[in-house]
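Peer 1: Dropping the structure in here first, questions after.
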Amino acid sequence: MEEKLMNGEKPYDRFLKAGPAALTDTELLAIIIRTGHKGKDALSLAREVLQKAGAYGIAGLYHLSLDDLIQIKGIGEVKAVKLKCIAELSNRIAKSKRGEKIVFHSPGDAALYYMEQMRHLEREQCLLACLDGSMGLLQEHCISIGTVNASLISSREVFKTAIQAKAVNLMLLHNHPSGSIEPSSADEEMTKKLFQASMIMDIPLIDHLIIGDNCYYSFRENGKLQ
């Protein structure tokens with residue numbers, strides 16, 4: 001079934017006529033979805049996707065899982081995968097705009113770089129950013145998914161990864177799905193443990209950032225990492 005607007009013009013035709021910037025989020029998604037399902041056109045399916053995303057709007061594609069999308073009648077696995085790929089492409093494009101070499105001049109730079117990637121995650125995820133001497137990003141590695149707990153994170157694996165990446169400095173980042181950025185006792189314990197180990201290994205942990213909903217907490221900025 002074709003996705004038509006009130007005036008009979010299709011999103012695809014509007015794209016060719018006025019360009020992508022002229023289209024609404026619903027219309028853009030309708031072009032990606034392409035076809036409808038049993039009485040529902042692609043625009044209707046696109047509206048349901050945005051409703052499922054809730055207050056996050058189009059950014060909620062990051063928040064929705066494949067299962068969430070497939071629960072919408074008319075969104076099968078293929079369409080769900082396409083939508084998730086769009087979200088990931090958006091994230092990678094945003095990162096690429098920062099240039100070939102990513103340099104974190106401040107905790108705010110790092111928070112901005114990772115914000116869209118991490119603030120919509122439904123589970124806690126802890127990333128290790130391996131940095132060079134000028135705070136340039138060499139590599140990033142996910143070291144934990146689920147509740148962040150010092151007992152579940154191996155210092156040995158962290159520093160094995162850091163050495164392999166030839167890191168000079170390290171930064172930890174993890175998200176709080178609640179949106180709150182207040183550090184927990186587990187966050188404090190993990191940070192202390194890895195900071196002490198980093199001093200011994202001579203690959204300093206320069207900061208630990210907690211990513212919330214468009215906000216962040218820096219252990220260094222708050223005087224907890226000296």
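Every chain in the structure tokens has a letter given in the order shown (A, B, ...), and although residue numbers restart at 1 in each chain, ligands are simply numbered from 1 in the order shown.
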Can you tell me, as a compact mmCIF listing (two decimals) with all heavy atoms, in the first residue's frame, what residues are no more than 6 Å from A:Ile181 when counting only C-alpha atoms, ignoring any on the same chain fewer than 4 positions away?

Peer 2:
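That gives us out-v5.txt:
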# COMPACT_ATOMS: atom_id res chain seq x y z
N ILE A 210 29.99 9.25 33.95
CA ILE A 210 28.67 8.61 33.99
C ILE A 210 27.78 9.39 33.02
O ILE A 210 27.64 10.61 33.16
CB ILE A 210 28.06 8.62 35.40
CG1 ILE A 210 28.95 7.83 36.37
CG2 ILE A 210 26.65 8.02 35.37
CD1 ILE A 210 28.50 7.92 37.81
N GLY A 212 24.24 10.30 31.56
CA GLY A 212 22.81 10.29 31.84
C GLY A 212 22.03 10.74 30.62
O GLY A 212 22.49 10.58 29.49
N TYR A 217 28.41 13.05 34.52
CA TYR A 217 29.12 13.25 35.79
C TYR A 217 30.57 12.85 35.57
O TYR A 217 30.86 11.76 35.06
CB TYR A 217 28.51 12.39 36.89
CG TYR A 217 29.18 12.51 38.24
CD1 TYR A 217 28.69 13.38 39.21
CD2 TYR A 217 30.30 11.75 38.54
CE1 TYR A 217 29.31 13.48 40.46
CE2 TYR A 217 30.93 11.85 39.78
CZ TYR A 217 30.42 12.72 40.73
OH TYR A 217 31.04 12.83 41.97

Peer 1: Produce a table with one row for each residue of stretch 38-150 of chain A that has an atom at most 6 Å from any atom of stretch 17-34 of chain A, each row naming the nearest atom pair and its distance in Å at one decimal; use only C-alpha atoms; arrange rows by chain and rising residue number; format as CSV.

Peer 2:
residue,atom,partner,partner_atom,distance
A:Ala42,CA,A:Ala30,CA,4.9
A:Leu43,CA,A:Ala30,CA,5.0
A:Ala46,CA,A:Ala30,CA,5.3
A:Arg47,CA,A:Thr26,CA,5.9

Peer 1: Could you name the residues that touch A:Glu124 at 12 Å or less, counting only C-alpha atoms, but leaving out those on the same chain fewer than 3 positions away, as number ranges by chain?

Peer 2: A: 118-121, 127, 142-149, 173-179, 187, 210-212

Peer 1: Write out as a count of residues only which residues come within 12 Å of A:Lys224 when counting only C-alpha atoms, dropping same-chain ones fewer than 4 positions away.

Peer 2: 16
